[in-house]
Structure formats: structure tokens, C-alpha cells
Amino acid sequence: MSEPTLYERLGQFGLFQGFSVPALIQVAGFGALQTFSAGHVLYTQGDPPRFFYLVVHGAVLEIGRNPQGETVLKRKAEAGDALGHRALIAGQSYPATATVIQQATLLTFAAEGFHELLRLYPVLRDRLERVEIVGRLLTIPLFSRFSEKELSLVADLLRVVEYPAGQTIFEQGEPADAFYVIDSGQVMESAEGLVPGSQSWPKYFAAGNFFGRYALRHLDPPRRATAVAVSDVRLFRFDAEAFQWLCERFPHLAESAGQRFDMLSALRRVRAFAALDEAELKRLAGYVGLVHVRPGEVLVRQGQVDGTLYILYQGEALVRSRDEWGKERPRGYLKPGDVVGEAAFFRDRPCEVTVEAKSRSDWLYLTRPDYEQFRAREPKAAAKITLSQEEENRKDEKRLKWLSPGERVILWKRRHWFYLASRLVVPLLLLPVALILIVTGVRGLEVAGGTLLVLMAMGLAWLWIDWWNDFYLLTNQRIVHREKVLLIREKREGVPLDKVQNVNVDRDLMGNLFGYGTLAIQSAAVAGAAQVRFSYLPEPDEMYDQVFQQITELRTQEAALKQVDLGRAEGVERRHPQPRFPRPATGTFAPVSSPPASAPPTGRRTFFVKLWSRWKAPSFSWPFWTEKRTDGQVIWRKHWINLLARTWVPLLLTVIVLLFLTLYLISVERPLVGVVAVLVFCFLVGAGWWWWNFANWGNDQYIVTEEALIDIEKLPLGLRTKQTKTTFDRVQNVNFEIPDPVATLLNYGTVVIYTAGAEGRLDFVYVPRPSQVQAEIFRRLEAYRERQRRLRQETSWG
């Protein structure tokens, strides 16, 4: 095998990860390959920096001492490590003496070439100074007492290693040669036989935690447990010698490494996890990360969709919140054991407060993806998780199929009983008449009275069902009014809460006496009829207060988000930064084994399956489709009844003409050319008329994408095209109506989208399944808002 070229050797260094071949060749032009024997001194502490080295093979030991002769730097550089770069970057003398302790092959770069490389490739500076790793170490509780300068030293002593899910990191009984800190992922330690502390096995660790320190601290080389990567993990590996020297140099590190967080006690402080037993809490702890927050840093900001549950383990933090006008006020201090973000975490809502560390503080954190992973992998434990009283009550709420994901019912009301009673008066007045007719003893009158009684009972049942089918609904996203007459018509109006402009309550004399009124909700739509009215609403003040409470919450969240954006623009986040740490904490797990696939169909069934698959294939286009989903959008045409109404006359004409033509040709021995020509002409006119109406029906489309709603009207042959489009940020309310019994039977109607734009409103007429169309629009509307919130979240997470 031929010796690798210089640029090929460079490509093996993580320092040059992502560099193209031309870039590596350019870098290689600045360096030279040299071999040094054991005992050779590369540079001496205090010398001016002249060279930068990359270790290809062998080992080099750096020793630095202070004026008192104490060792302040001890580092063993092996294959893949760099030497001399910090002195060159800082423009200072070498801080240590570097001696080859095992014959070494080094890539050597002169100082001038090194600085030219930094100019050409600025990313090298951050990689050499290990800026990313130092930033990560700042957020790990184990290193909470280190300064940033000291962490630069620590960063030079570690190696980044990765293990895929299921791989063993070390086995029980092996020599202990390293200490590990988890950057991200989940690790499990387990032991067999009688081992000190064996009653606590297995143990689970996630991001920010550490393992493998017992044998090193107790000078007991054999490992007492086996460590396995449960998910894909990224670790910071410290060689045993480097870790022991760090503990000698920084005694507080040895102290911190000897004390683990009591995560089980901390998790028990969360009400939802109180019913979990110790074994289940231990498994849950494996999904919980650790993070250190320094004074002045902000853990979470109000309005962020953070999706993380925090538990303060030690330290102190200040809680602040903004009102709907954007004014921020302190709400109190947090002490160890306090939980932050519980409501937002379980309801997947924006954070309600800002939390700023006032002292060095350590936190446990559980992200929503980690929590869902735990629930999926531990279903028995998940069944024991108890939510807050509000969440438990919500389990009993009626779940409507058309509600959006994450949408929850706040208040559900039907019309006041006075409305039902007023409609029952006339049928009930007929009750005495029916009874009198029945007791007369005259057979004809008895039959009439019985018939009247049955009709009255049916009328009463109808009126009760009609009253029961109508309701007023307030969710955390919108206000809804449904009117439904069984088998006749249905109408559903909805206004998103963030589009509400005015809310009015009106009562008359009877309303004051019996406790009902009319609530009118108006939005900012350009079209004037964008109003939802709740008539005969029982206790209207309750609905009024709840509407404004939900609106206030939304506006408070929006005000907080605006302040986050404004603060980012004005540099507030530089003064009060947020720590960066892995979310989720546990990384990617190995897939759970799935049941074997069912056997493929055979025999006669195969033919029908293939036929069905061909019909369903994207390449097959059924010309009479009314709904199509493709490329993240939904396209609707008008209902087929509209097509039938447009085409039945020309179709009938075409069929009649064709029938006459056929009969004429069959019955007449010598057909007249003129008659045949007229019939053919009439046939072509009818067929053309039918095609025109069909094409006109097919060209009219209603489209909903991830960002917008589009109404397209197009005449055949490109004679005229009209397109009306609005984006989701302009949508004010979305209503639908099924107008009559035929529409109810065939399930079609009109969906009306009111907007604040110049278009005023979009009408999707004759649309099939209008309730589903409205639900799809609301779902995409909420998804659009969620994406905006997630963008802010990703920006804040970095």
C-alpha cells in the first residue's frame, strides 16, 4: 500500500473536517512531515512560539510549571492532537515544555504559515481554541467552578468520541483507562454479581452527566460495571492520567465528581411523576439532562415555545413576567426544588415567565421529545403519570374530531333552557287537547287524540334534539358557534382568538330575570359580516371573562415574543445570554422492533390488490376527483352534484342525438347525407357543450398550502383566469354552512374565509365535506403560527 500524501493525512484530522481536496492541498503546502525520536524537546516553556504541530503518530508530553515549581499544565498529546497553537494565537511564549515520549511523526507548520492559514480559514481558530467545547463545558454542572480560561485547559485534555445506539463503551472487569462526560445521548451502566452499590444497578445517564469515575477515584483499575450507549451518544473522554491530574490540580473537580445529583428526589417534586416507583423514576432520570446556568444568564424567556421542564437543583433564580402591554415585573425568587415550566411543558404552550440565574445554579431539564421517548419505551410507567387537576378534568371533555392538535376546550355551552322552553310552549298547549280527545270515548276522536299525542311527542323530541345540536365553544385557539338542524342544514362559525376586535354583551328584561344574554364577537375582517353571535347564552359574563382571559394570555405571549425579538435586535441577549445545551438530551435511539409484515396477497386477491394499487397510484389521474393532496397542499374541486347540474342537459342532448342517429342509420336503408350531417352536427354540439361545462368545473379549484389559501376560477381554452389568494396571517375567521337537506344528504356546502386583506373574503362554494375543509384550514392556520413560534424557539436555542 502506498504511503498517504500529506493532504490525505490532513483529511484524517477532525480539525479539517469538511475541507475540500483543493483546500487540503493548499493547507499541505504550508506544512512539512517530520519524525522525532523519544526524548526530543519540541519547545521549552518561555520560548517564543515558532512552530505549530499536528501529531500523526506517537506521543508528546507537555509540562508547564508556575514560578513556585507547581505543575499547572500536564497534557499528553497523541495522534490527532495539536501543539503550540495557543501560544501562536495569543502571541505569547510557550506555556509549557513539550517532550516527545514516544517516537512521533508530526506535521510541522512555521509561525508565518500558521497565521496565513488562520487568515485563509478563520474556522480553524475556533476549532483550535475549541470554542464550541468550552461553551458546552460552561453548561455542565461538573465544571461549574471553573473559569472560562481554566476550561480552555480542560478542553485540550479531552477527546470527543461517539458511539451508536447499542454499542458497548466499556465492560465490567476491564482496566479503567478513562472518565466520561456525556455531551448528548443516553448511557446505561449495569453490573453482574456482588458489586458495591449493586442494588442501584442499572443506572441511566443523559446529557450533562458523567460516568466511569469510581475505579479512577478509588484507584481500583477494574471496571465494576458495563456501560452501553442506549441511544447515539457523544462523549467527552478524559484519559485516566489526565483526569487524575485535573483532580489534583483542581480539588473541587474531585469533590464534584464524587457527588451525584439526587435526581430521584428532584423528580418527585414534579406532581405528575409522584406516582412512579423508584425503578421507574430511575429510568425517567435517564432522559433528564443536567445544565449549569451562570449568574446573569437567562434559562428561558417568556413567550418562547421552549417545550422543556426545569427543576432547580441548587442555586437561586429570579422569575419575571410581562403583562399584555409588554411591561416586565419581578414575580419572586426560585429556591432548590422549585419547578419551572410545568404547565407549558404538559400543554405544549409558550413559557409564561422569564427565569434569570442570580447565582451559580444547577438544573435538571426534561425536553418534550425526551418525555415522549420515555412514554413510548415505558408504557406502564407512562400510565402512572398524573397530570394537574386541570389536565385531569380535561380527560372528561368531549373531544371533537375537527379540533386542531393541541387545541383544548375552555368553555362549552348550549343555549339557555329558556330558549328551549319558549319553543316547547305551543306543542305543550296541545297536550290537553289530545288528552280530551282520547277520554271522550268516541273512537274517531280517540284516534285523532292519539295521533295528535304521537305527533306532539315527535315534535317535542325534534325541538329537544335541535336545541341539543347547537352549541357555543371557546377553545384556547378560537371561538366557535355551531347551528345544526338534523338532516336539514348545518352551519359552523369560527373566529381565531388573536383576530378578535370587540366583544359585546347584550341583555333584555327576560335575560336579566333568567340569567342569559347575547354575546357578539367581531373580528377585523374587511368583509362586514365577520361576526359571531351567541344568542340565549347562559351566564354570558362567564363566557365574556373567559374570552378576554384567553385573549390576554395570547397577547401576553405575543408581547413577550416581540420583546424577545426586540431584545435580540438590541443586543439584550448578549448581556443576558441563554446557555446552549443539547435538546433533546438523549439523542437518537435504536428503532423498536416492529412486528413482521403480513404475507403478500396471493391468488385471486392479488389481481384486485394490483388493480386497486394502480388506481391509487400517483400516475393514475381519475378525471372526476374532488380532493387531491400533493406536495404539502390540498386541492378541492366543487362537489360532483355541481358537475351534474352543469352537464346533465348537454349529456342528455348528446345521448338523445346519438340514439336518433343510431336508430336512423339502422332503420333507413339509404340514409340521407343531409340528415346524417345535421345529427352529427347536433351530436358534436352536445358533446362540445358537455366538455366545456366539465372543463369549466374541473378548472375551478380551491387550494390550501402551508402558507396561503387560493381560489382559482378558469374558463376553458384559457379565455379567462381569476385567482384570489390570501396568506394565513390575514385570516380572521372561517365559517361553513350546509344550506339544505340535499346538501346535508350529499355532504357539501360553502366555506367562507374572512380576511383582513383587500380581497375581503374567499368563498369555497359547493365544496365537498365542508366541516373537514374548515378543520383543515384551521389546522394549517395553527400549524403556520406554530412554525413562527418554533422559528423563535430555534433561534433562542441556537
# chains A, B, ... in the order shown; residues from 1 in each chain; ligands from 1
$ select_by_dssp --residues "range 635-742 of chain A" --states "alpha helix (DSSP H)" --output "PyMOL selection string"
chain A and resi 640-667+673-699+741-742
$ residues_around --residues "range 672-687 of chain A" --least-positions-apart "6" --cutoff "7 Å" --atoms "only C-alpha atoms" --output "list in words"
Pro650, Leu651, Leu653, Thr654, Val657, Leu658 and Leu661 of chain A
$ closest_residue --among "A:Phe418, A:Trp245, A:Trp363, A:Trp640" --to "Pro579 in chain A" --atoms "only C-alpha atoms"
A:Trp363
$ closest_residue --among "A:Gly459, A:Pro623, A:Pro768, A:Gly698" --to "Arg646 in chain A" --atoms "only C-alpha atoms"
A:Gly698
$ residues_around --residues "Leu42 in chain A" --least-positions-apart "2" --cutoff "12 Å" --atoms "only C-alpha atoms" --output "PyMOL selection string"
chain A and resi 34-40+44-45+47+49-53+59-63+83-84+94+96-101+104+106+108
$ closest_residue --among "A:Lys499, A:Arg368, A:Arg269, A:Arg375" --to "Thr308 in chain A" --atoms "only C-alpha atoms"
A:Arg368
$ atom_distance --atom1 "CA of Glu174 in chain A" --atom2 "CA of Ala279 in chain A"
27.1 Å
$ residues_around --residues "range 769-778 of chain A" --least-positions-apart "3" --cutoff "8 Å" --atoms "only C-alpha atoms" --output "ChimeraX atom specification"
/A:402-404,492,704,734-738,747-751,781-782
$ write_last_selection --atoms "N, CA and C atoms" --output "PDB file, in the first residue's frame"
ATOM      1  N   TRP A 402     -62.824  17.736  14.759  1.00  0.00           N
ATOM      2  CA  TRP A 402     -62.317  18.838  13.946  1.00  0.00           C
ATOM      3  C   TRP A 402     -61.429  19.805  14.717  1.00  0.00           C
ATOM      4  N   LEU A 403     -61.180  19.550  16.005  1.00  0.00           N
ATOM      5  CA  LEU A 403     -60.250  20.402  16.747  1.00  0.00           C
ATOM      6  C   LEU A 403     -58.825  20.148  16.272  1.00  0.00           C
ATOM      7  N   SER A 404     -58.010  21.192  16.300  1.00  0.00           N
ATOM      8  CA  SER A 404     -56.620  21.083  15.867  1.00  0.00           C
ATOM      9  C   SER A 404     -55.792  20.396  16.935  1.00  0.00           C
ATOM     10  N   ARG A 492     -71.308  26.317  10.862  1.00  0.00           N
ATOM     11  CA  ARG A 492     -70.324  26.465  11.931  1.00  0.00           C
ATOM     12  C   ARG A 492     -69.481  27.698  11.667  1.00  0.00           C
ATOM     13  N   VAL A 704     -55.315  24.929  -0.567  1.00  0.00           N
ATOM     14  CA  VAL A 704     -54.762  25.335   0.719  1.00  0.00           C
ATOM     15  C   VAL A 704     -53.342  24.800   0.790  1.00  0.00           C
ATOM     16  N   VAL A 734     -63.189  31.666   9.877  1.00  0.00           N
ATOM     17  CA  VAL A 734     -63.516  30.658   8.872  1.00  0.00           C
ATOM     18  C   VAL A 734     -64.844  30.024   9.271  1.00  0.00           C
ATOM     19  N   ASN A 735     -65.855  30.161   8.412  1.00  0.00           N
ATOM     20  CA  ASN A 735     -67.177  29.602   8.668  1.00  0.00           C
ATOM     21  C   ASN A 735     -67.535  28.608   7.568  1.00  0.00           C
ATOM     22  N   PHE A 736     -68.470  27.725   7.882  1.00  0.00           N
ATOM     23  CA  PHE A 736     -69.024  26.909   6.814  1.00  0.00           C
ATOM     24  C   PHE A 736     -70.519  26.749   7.028  1.00  0.00           C
ATOM     25  N   GLU A 737     -71.229  26.481   5.938  1.00  0.00           N
ATOM     26  CA  GLU A 737     -72.672  26.289   6.001  1.00  0.00           C
ATOM     27  C   GLU A 737     -73.092  25.197   5.027  1.00  0.00           C
ATOM     28  N   ILE A 738     -73.900  24.261   5.526  1.00  0.00           N
ATOM     29  CA  ILE A 738     -74.559  23.261   4.687  1.00  0.00           C
ATOM     30  C   ILE A 738     -76.005  23.716   4.587  1.00  0.00           C
ATOM     31  N   ASN A 747     -73.552  15.945   1.648  1.00  0.00           N
ATOM     32  CA  ASN A 747     -72.406  16.466   2.404  1.00  0.00           C
ATOM     33  C   ASN A 747     -71.565  17.446   1.578  1.00  0.00           C
ATOM     34  N   TYR A 748     -72.193  18.535   1.164  1.00  0.00           N
ATOM     35  CA  TYR A 748     -71.455  19.629   0.534  1.00  0.00           C
ATOM     36  C   TYR A 748     -71.993  20.945   1.082  1.00  0.00           C
ATOM     37  N   GLY A 749     -71.242  22.014   0.863  1.00  0.00           N
ATOM     38  CA  GLY A 749     -71.669  23.317   1.375  1.00  0.00           C
ATOM     39  C   GLY A 749     -70.685  24.393   0.967  1.00  0.00           C
ATOM     40  N   THR A 750     -70.720  25.500   1.707  1.00  0.00           N
ATOM     41  CA  THR A 750     -69.872  26.659   1.413  1.00  0.00           C
ATOM     42  C   THR A 750     -68.989  26.958   2.614  1.00  0.00           C
ATOM     43  N   VAL A 751     -67.710  27.116   2.361  1.00  0.00           N
ATOM     44  CA  VAL A 751     -66.756  27.540   3.388  1.00  0.00           C
ATOM     45  C   VAL A 751     -66.368  28.981   3.075  1.00  0.00           C
ATOM     46  N   LEU A 781     -53.748  26.731   9.765  1.00  0.00           N
ATOM     47  CA  LEU A 781     -53.585  28.055  10.353  1.00  0.00           C
ATOM     48  C   LEU A 781     -52.789  27.965  11.652  1.00  0.00           C
ATOM     49  N   GLU A 782     -53.155  26.984  12.493  1.00  0.00           N
ATOM     50  CA  GLU A 782     -52.430  26.807  13.755  1.00  0.00           C
ATOM     51  C   GLU A 782     -51.014  26.306  13.495  1.00  0.00           C
TER      52      GLU A 782
END
$ closest_residue --among "A:Tyr43, A:Phe30, A:Phe694, A:Tyr419" --to "Glu116 in chain A" --atoms "only C-alpha atoms"
A:Phe30
$ closest_residue --among "A:Gly18, A:Gly185, A:Gly173, A:Pro330" --to "Ala225 in chain A" --atoms "only C-alpha atoms"
A:Gly173
$ select_by_dssp --residues "range 649-771 of chain A" --states "strand (DSSP E or B)" --output "PyMOL selection string"
chain A and resi 701-704+708-714+721-727+731-738+748-755+761-768
$ closest_residue --among "A:Arg347, A:Arg408, A:Arg414, A:His481" --to "Trp464 in chain A" --atoms "only C-alpha atoms"
A:Arg414
$ residues_around --residues "Ala240 in chain A" --least-positions-apart "3" --cutoff "7 Å" --atoms "only C-alpha atoms" --output "tab-separated table (two decimals) with all heavy atoms, in the first residue's frame"
chain	number	residue	atom	x	y	z
A	177	ASP	N	-9.47	3.02	32.14
A	177	ASP	CA	-8.48	3.87	31.49
A	177	ASP	C	-9.02	5.24	31.12
A	177	ASP	O	-8.29	6.04	30.52
A	177	ASP	CB	-7.97	3.19	30.22
A	177	ASP	CG	-9.08	2.90	29.23
A	177	ASP	OD1	-10.26	3.05	29.60
A	177	ASP	OD2	-8.77	2.53	28.07
A	178	ALA	N	-10.29	5.54	31.47
A	178	ALA	CA	-10.84	6.83	31.06
A	178	ALA	C	-12.05	7.20	31.91
A	178	ALA	O	-12.68	6.34	32.54
A	178	ALA	CB	-11.24	6.81	29.59
A	179	PHE	N	-12.34	8.49	31.91
A	179	PHE	CA	-13.51	9.07	32.58
A	179	PHE	C	-14.32	9.76	31.49
A	179	PHE	O	-13.76	10.38	30.58
A	179	PHE	CB	-13.06	10.06	33.65
A	179	PHE	CG	-14.16	10.91	34.22
A	179	PHE	CD1	-15.05	10.40	35.15
A	179	PHE	CD2	-14.29	12.25	33.85
A	179	PHE	CE1	-16.05	11.19	35.68
A	179	PHE	CE2	-15.29	13.04	34.38
A	179	PHE	CZ	-16.17	12.51	35.29
A	216	LEU	N	-11.42	5.07	38.91
A	216	LEU	CA	-10.32	6.03	38.87
A	216	LEU	C	-10.13	6.71	40.22
A	216	LEU	O	-9.01	6.90	40.68
A	216	LEU	CB	-10.59	7.07	37.79
A	216	LEU	CG	-10.65	6.54	36.35
A	216	LEU	CD1	-10.98	7.67	35.39
A	216	LEU	CD2	-9.34	5.89	35.96
A	243	PHE	N	-7.37	12.84	33.82
A	243	PHE	CA	-8.42	13.10	34.80
A	243	PHE	C	-7.84	13.18	36.22
A	243	PHE	O	-8.21	14.06	37.01
A	243	PHE	CB	-9.47	12.00	34.72
A	243	PHE	CG	-10.56	12.11	35.75
A	243	PHE	CD1	-11.49	13.14	35.70
A	243	PHE	CD2	-10.64	11.19	36.78
A	243	PHE	CE1	-12.48	13.25	36.65
A	243	PHE	CE2	-11.63	11.29	37.75
A	243	PHE	CZ	-12.56	12.32	37.67
A	244	GLN	N	-6.92	12.26	36.55
A	244	GLN	CA	-6.34	12.27	37.89
A	244	GLN	C	-5.51	13.54	38.12
A	244	GLN	O	-5.53	14.12	39.21
A	244	GLN	CB	-5.50	11.01	38.09
A	244	GLN	CG	-6.36	9.75	38.22
A	244	GLN	CD	-5.56	8.48	38.13
A	244	GLN	OE1	-4.37	8.49	37.82
A	244	GLN	NE2	-6.22	7.35	38.40
$ residues_around --residues "Leu10 in chain A" --least-positions-apart "5" --cutoff "8 Å" --atoms "only C-alpha atoms" --output "PDB file with C-alpha atoms, in the first residue's frame"
ATOM      1  CA  PHE A  16     -10.004  19.934   8.823  1.00  0.00           C
ATOM      2  CA  LEU A  24      -6.419  20.404   1.936  1.00  0.00           C
ATOM      3  CA  ALA A  28      -0.490  20.927   2.974  1.00  0.00           C
TER       4      ALA A  28
END
$ residues_around --residues "range 249-264 of chain A" --least-positions-apart "3" --cutoff "6 Å" --atoms "only C-alpha atoms" --output "list in words"
Leu142, Leu246 and Leu267 of chain A
$ decode --residues "range 260-294 of chain A" --atoms "N, CA, C and O atoms" --output "PDB file, in the first residue's frame"
ATOM      1  N   ARG A 260     -23.062  12.740  43.214  1.00  0.00           N
ATOM      2  CA  ARG A 260     -24.060  12.762  42.146  1.00  0.00           C
ATOM      3  C   ARG A 260     -25.301  13.506  42.611  1.00  0.00           C
ATOM      4  O   ARG A 260     -25.612  13.556  43.801  1.00  0.00           O
ATOM      5  N   PHE A 261     -26.018  14.078  41.652  1.00  0.00           N
ATOM      6  CA  PHE A 261     -27.286  14.734  41.963  1.00  0.00           C
ATOM      7  C   PHE A 261     -28.299  13.682  42.414  1.00  0.00           C
ATOM      8  O   PHE A 261     -28.369  12.588  41.835  1.00  0.00           O
ATOM      9  N   ASP A 262     -29.075  14.022  43.412  1.00  0.00           N
ATOM     10  CA  ASP A 262     -30.179  13.153  43.836  1.00  0.00           C
ATOM     11  C   ASP A 262     -31.364  13.431  42.917  1.00  0.00           C
ATOM     12  O   ASP A 262     -32.313  14.129  43.264  1.00  0.00           O
ATOM     13  N   MET A 263     -31.283  12.853  41.717  1.00  0.00           N
ATOM     14  CA  MET A 263     -32.268  13.159  40.693  1.00  0.00           C
ATOM     15  C   MET A 263     -33.641  12.591  41.030  1.00  0.00           C
ATOM     16  O   MET A 263     -34.666  13.178  40.670  1.00  0.00           O
ATOM     17  N   LEU A 264     -33.678  11.475  41.735  1.00  0.00           N
ATOM     18  CA  LEU A 264     -34.973  10.867  42.051  1.00  0.00           C
ATOM     19  C   LEU A 264     -35.782  11.778  42.974  1.00  0.00           C
ATOM     20  O   LEU A 264     -36.988  11.977  42.772  1.00  0.00           O
ATOM     21  N   SER A 265     -35.124  12.335  43.982  1.00  0.00           N
ATOM     22  CA  SER A 265     -35.840  13.245  44.898  1.00  0.00           C
ATOM     23  C   SER A 265     -36.318  14.480  44.154  1.00  0.00           C
ATOM     24  O   SER A 265     -37.423  14.982  44.396  1.00  0.00           O
ATOM     25  N   ALA A 266     -35.476  14.977  43.228  1.00  0.00           N
ATOM     26  CA  ALA A 266     -35.874  16.159  42.467  1.00  0.00           C
ATOM     27  C   ALA A 266     -37.073  15.860  41.571  1.00  0.00           C
ATOM     28  O   ALA A 266     -38.004  16.666  41.469  1.00  0.00           O
ATOM     29  N   LEU A 267     -37.082  14.700  40.935  1.00  0.00           N
ATOM     30  CA  LEU A 267     -38.189  14.353  40.050  1.00  0.00           C
ATOM     31  C   LEU A 267     -39.480  14.141  40.832  1.00  0.00           C
ATOM     32  O   LEU A 267     -40.572  14.381  40.303  1.00  0.00           O
ATOM     33  N   ARG A 268     -39.370  13.695  42.063  1.00  0.00           N
ATOM     34  CA  ARG A 268     -40.586  13.505  42.874  1.00  0.00           C
ATOM     35  C   ARG A 268     -41.262  14.831  43.189  1.00  0.00           C
ATOM     36  O   ARG A 268     -42.438  14.853  43.556  1.00  0.00           O
ATOM     37  N   ARG A 269     -40.529  15.933  43.047  1.00  0.00           N
ATOM     38  CA  ARG A 269     -41.135  17.238  43.306  1.00  0.00           C
ATOM     39  C   ARG A 269     -42.126  17.624  42.216  1.00  0.00           C
ATOM     40  O   ARG A 269     -42.940  18.530  42.397  1.00  0.00           O
ATOM     41  N   VAL A 270     -42.033  16.947  41.065  1.00  0.00           N
ATOM     42  CA  VAL A 270     -42.983  17.198  39.977  1.00  0.00           C
ATOM     43  C   VAL A 270     -44.218  16.359  40.236  1.00  0.00           C
ATOM     44  O   VAL A 270     -44.153  15.134  40.305  1.00  0.00           O
ATOM     45  N   ARG A 271     -45.349  17.018  40.397  1.00  0.00           N
ATOM     46  CA  ARG A 271     -46.583  16.326  40.766  1.00  0.00           C
ATOM     47  C   ARG A 271     -46.930  15.201  39.809  1.00  0.00           C
ATOM     48  O   ARG A 271     -47.404  14.130  40.204  1.00  0.00           O
ATOM     49  N   ALA A 272     -46.671  15.407  38.528  1.00  0.00           N
ATOM     50  CA  ALA A 272     -47.040  14.412  37.528  1.00  0.00           C
ATOM     51  C   ALA A 272     -46.293  13.097  37.718  1.00  0.00           C
ATOM     52  O   ALA A 272     -46.785  12.038  37.321  1.00  0.00           O
ATOM     53  N   PHE A 273     -45.087  13.137  38.336  1.00  0.00           N
ATOM     54  CA  PHE A 273     -44.275  11.939  38.469  1.00  0.00           C
ATOM     55  C   PHE A 273     -44.362  11.320  39.863  1.00  0.00           C
ATOM     56  O   PHE A 273     -43.638  10.361  40.160  1.00  0.00           O
ATOM     57  N   ALA A 274     -45.227  11.845  40.717  1.00  0.00           N
ATOM     58  CA  ALA A 274     -45.264  11.407  42.114  1.00  0.00           C
ATOM     59  C   ALA A 274     -45.643   9.937  42.261  1.00  0.00           C
ATOM     60  O   ALA A 274     -45.235   9.278  43.229  1.00  0.00           O
ATOM     61  N   ALA A 275     -46.401   9.395  41.323  1.00  0.00           N
ATOM     62  CA  ALA A 275     -46.880   8.009  41.456  1.00  0.00           C
ATOM     63  C   ALA A 275     -45.876   6.986  40.930  1.00  0.00           C
ATOM     64  O   ALA A 275     -46.087   5.784  41.085  1.00  0.00           O
ATOM     65  N   LEU A 276     -44.786   7.418  40.313  1.00  0.00           N
ATOM     66  CA  LEU A 276     -43.794   6.486  39.784  1.00  0.00           C
ATOM     67  C   LEU A 276     -42.986   5.880  40.917  1.00  0.00           C
ATOM     68  O   LEU A 276     -42.615   6.560  41.875  1.00  0.00           O
ATOM     69  N   ASP A 277     -42.693   4.564  40.817  1.00  0.00           N
ATOM     70  CA  ASP A 277     -41.874   3.934  41.841  1.00  0.00           C
ATOM     71  C   ASP A 277     -40.400   4.223  41.561  1.00  0.00           C
ATOM     72  O   ASP A 277     -40.041   4.856  40.559  1.00  0.00           O
ATOM     73  N   GLU A 278     -39.513   3.737  42.425  1.00  0.00           N
ATOM     74  CA  GLU A 278     -38.103   4.095  42.328  1.00  0.00           C
ATOM     75  C   GLU A 278     -37.481   3.605  41.025  1.00  0.00           C
ATOM     76  O   GLU A 278     -36.711   4.331  40.379  1.00  0.00           O
ATOM     77  N   ALA A 279     -37.822   2.383  40.612  1.00  0.00           N
ATOM     78  CA  ALA A 279     -37.255   1.847  39.371  1.00  0.00           C
ATOM     79  C   ALA A 279     -37.700   2.672  38.168  1.00  0.00           C
ATOM     80  O   ALA A 279     -36.905   2.942  37.251  1.00  0.00           O
ATOM     81  N   GLU A 280     -38.961   3.087  38.175  1.00  0.00           N
ATOM     82  CA  GLU A 280     -39.471   3.891  37.059  1.00  0.00           C
ATOM     83  C   GLU A 280     -38.854   5.286  37.062  1.00  0.00           C
ATOM     84  O   GLU A 280     -38.544   5.837  35.995  1.00  0.00           O
ATOM     85  N   LEU A 281     -38.660   5.844  38.254  1.00  0.00           N
ATOM     86  CA  LEU A 281     -38.009   7.156  38.335  1.00  0.00           C
ATOM     87  C   LEU A 281     -36.565   7.079  37.851  1.00  0.00           C
ATOM     88  O   LEU A 281     -36.058   8.013  37.223  1.00  0.00           O
ATOM     89  N   LYS A 282     -35.899   5.970  38.138  1.00  0.00           N
ATOM     90  CA  LYS A 282     -34.522   5.804  37.669  1.00  0.00           C
ATOM     91  C   LYS A 282     -34.465   5.784  36.147  1.00  0.00           C
ATOM     92  O   LYS A 282     -33.575   6.375  35.537  1.00  0.00           O
ATOM     93  N   ARG A 283     -35.437   5.101  35.544  1.00  0.00           N
ATOM     94  CA  ARG A 283     -35.458   5.069  34.080  1.00  0.00           C
ATOM     95  C   ARG A 283     -35.800   6.447  33.521  1.00  0.00           C
ATOM     96  O   ARG A 283     -35.241   6.868  32.509  1.00  0.00           O
ATOM     97  N   LEU A 284     -36.722   7.160  34.188  1.00  0.00           N
ATOM     98  CA  LEU A 284     -37.034   8.511  33.750  1.00  0.00           C
ATOM     99  C   LEU A 284     -35.822   9.420  33.882  1.00  0.00           C
ATOM    100  O   LEU A 284     -35.577  10.281  33.022  1.00  0.00           O
ATOM    101  N   ALA A 285     -35.031   9.225  34.950  1.00  0.00           N
ATOM    102  CA  ALA A 285     -33.841  10.056  35.157  1.00  0.00           C
ATOM    103  C   ALA A 285     -32.862   9.916  33.998  1.00  0.00           C
ATOM    104  O   ALA A 285     -32.080  10.842  33.724  1.00  0.00           O
ATOM    105  N   GLY A 286     -32.909   8.776  33.307  1.00  0.00           N
ATOM    106  CA  GLY A 286     -32.038   8.592  32.164  1.00  0.00           C
ATOM    107  C   GLY A 286     -32.397   9.463  30.981  1.00  0.00           C
ATOM    108  O   GLY A 286     -31.643   9.531  30.005  1.00  0.00           O
ATOM    109  N   TYR A 287     -33.543  10.122  31.042  1.00  0.00           N
ATOM    110  CA  TYR A 287     -33.975  11.029  29.975  1.00  0.00           C
ATOM    111  C   TYR A 287     -33.829  12.495  30.393  1.00  0.00           C
ATOM    112  O   TYR A 287     -34.182  13.380  29.628  1.00  0.00           O
ATOM    113  N   VAL A 288     -33.338  12.716  31.597  1.00  0.00           N
ATOM    114  CA  VAL A 288     -33.239  14.065  32.164  1.00  0.00           C
ATOM    115  C   VAL A 288     -31.799  14.547  32.052  1.00  0.00           C
ATOM    116  O   VAL A 288     -30.872  13.876  32.505  1.00  0.00           O
ATOM    117  N   GLY A 289     -31.617  15.702  31.436  1.00  0.00           N
ATOM    118  CA  GLY A 289     -30.292  16.285  31.312  1.00  0.00           C
ATOM    119  C   GLY A 289     -29.967  17.195  32.477  1.00  0.00           C
ATOM    120  O   GLY A 289     -30.838  17.593  33.258  1.00  0.00           O
ATOM    121  N   LEU A 290     -28.670  17.527  32.597  1.00  0.00           N
ATOM    122  CA  LEU A 290     -28.199  18.466  33.632  1.00  0.00           C
ATOM    123  C   LEU A 290     -27.595  19.676  32.930  1.00  0.00           C
ATOM    124  O   LEU A 290     -26.903  19.539  31.916  1.00  0.00           O
ATOM    125  N   VAL A 291     -27.870  20.848  33.482  1.00  0.00           N
ATOM    126  CA  VAL A 291     -27.316  22.065  32.894  1.00  0.00           C
ATOM    127  C   VAL A 291     -26.949  23.034  34.004  1.00  0.00           C
ATOM    128  O   VAL A 291     -27.655  23.136  35.019  1.00  0.00           O
ATOM    129  N   HIS A 292     -25.829  23.719  33.817  1.00  0.00           N
ATOM    130  CA  HIS A 292     -25.378  24.750  34.755  1.00  0.00           C
ATOM    131  C   HIS A 292     -25.623  26.120  34.125  1.00  0.00           C
ATOM    132  O   HIS A 292     -25.295  26.346  32.959  1.00  0.00           O
ATOM    133  N   VAL A 293     -26.228  27.014  34.889  1.00  0.00           N
ATOM    134  CA  VAL A 293     -26.533  28.362  34.423  1.00  0.00           C
ATOM    135  C   VAL A 293     -25.777  29.352  35.299  1.00  0.00           C
ATOM    136  O   VAL A 293     -25.901  29.308  36.531  1.00  0.00           O
ATOM    137  N   ARG A 294     -25.033  30.234  34.693  1.00  0.00           N
ATOM    138  CA  ARG A 294     -24.192  31.180  35.432  1.00  0.00           C
ATOM    139  C   ARG A 294     -24.962  32.472  35.721  1.00  0.00           C
ATOM    140  O   ARG A 294     -25.942  32.771  35.033  1.00  0.00           O
TER     141      ARG A 294
END
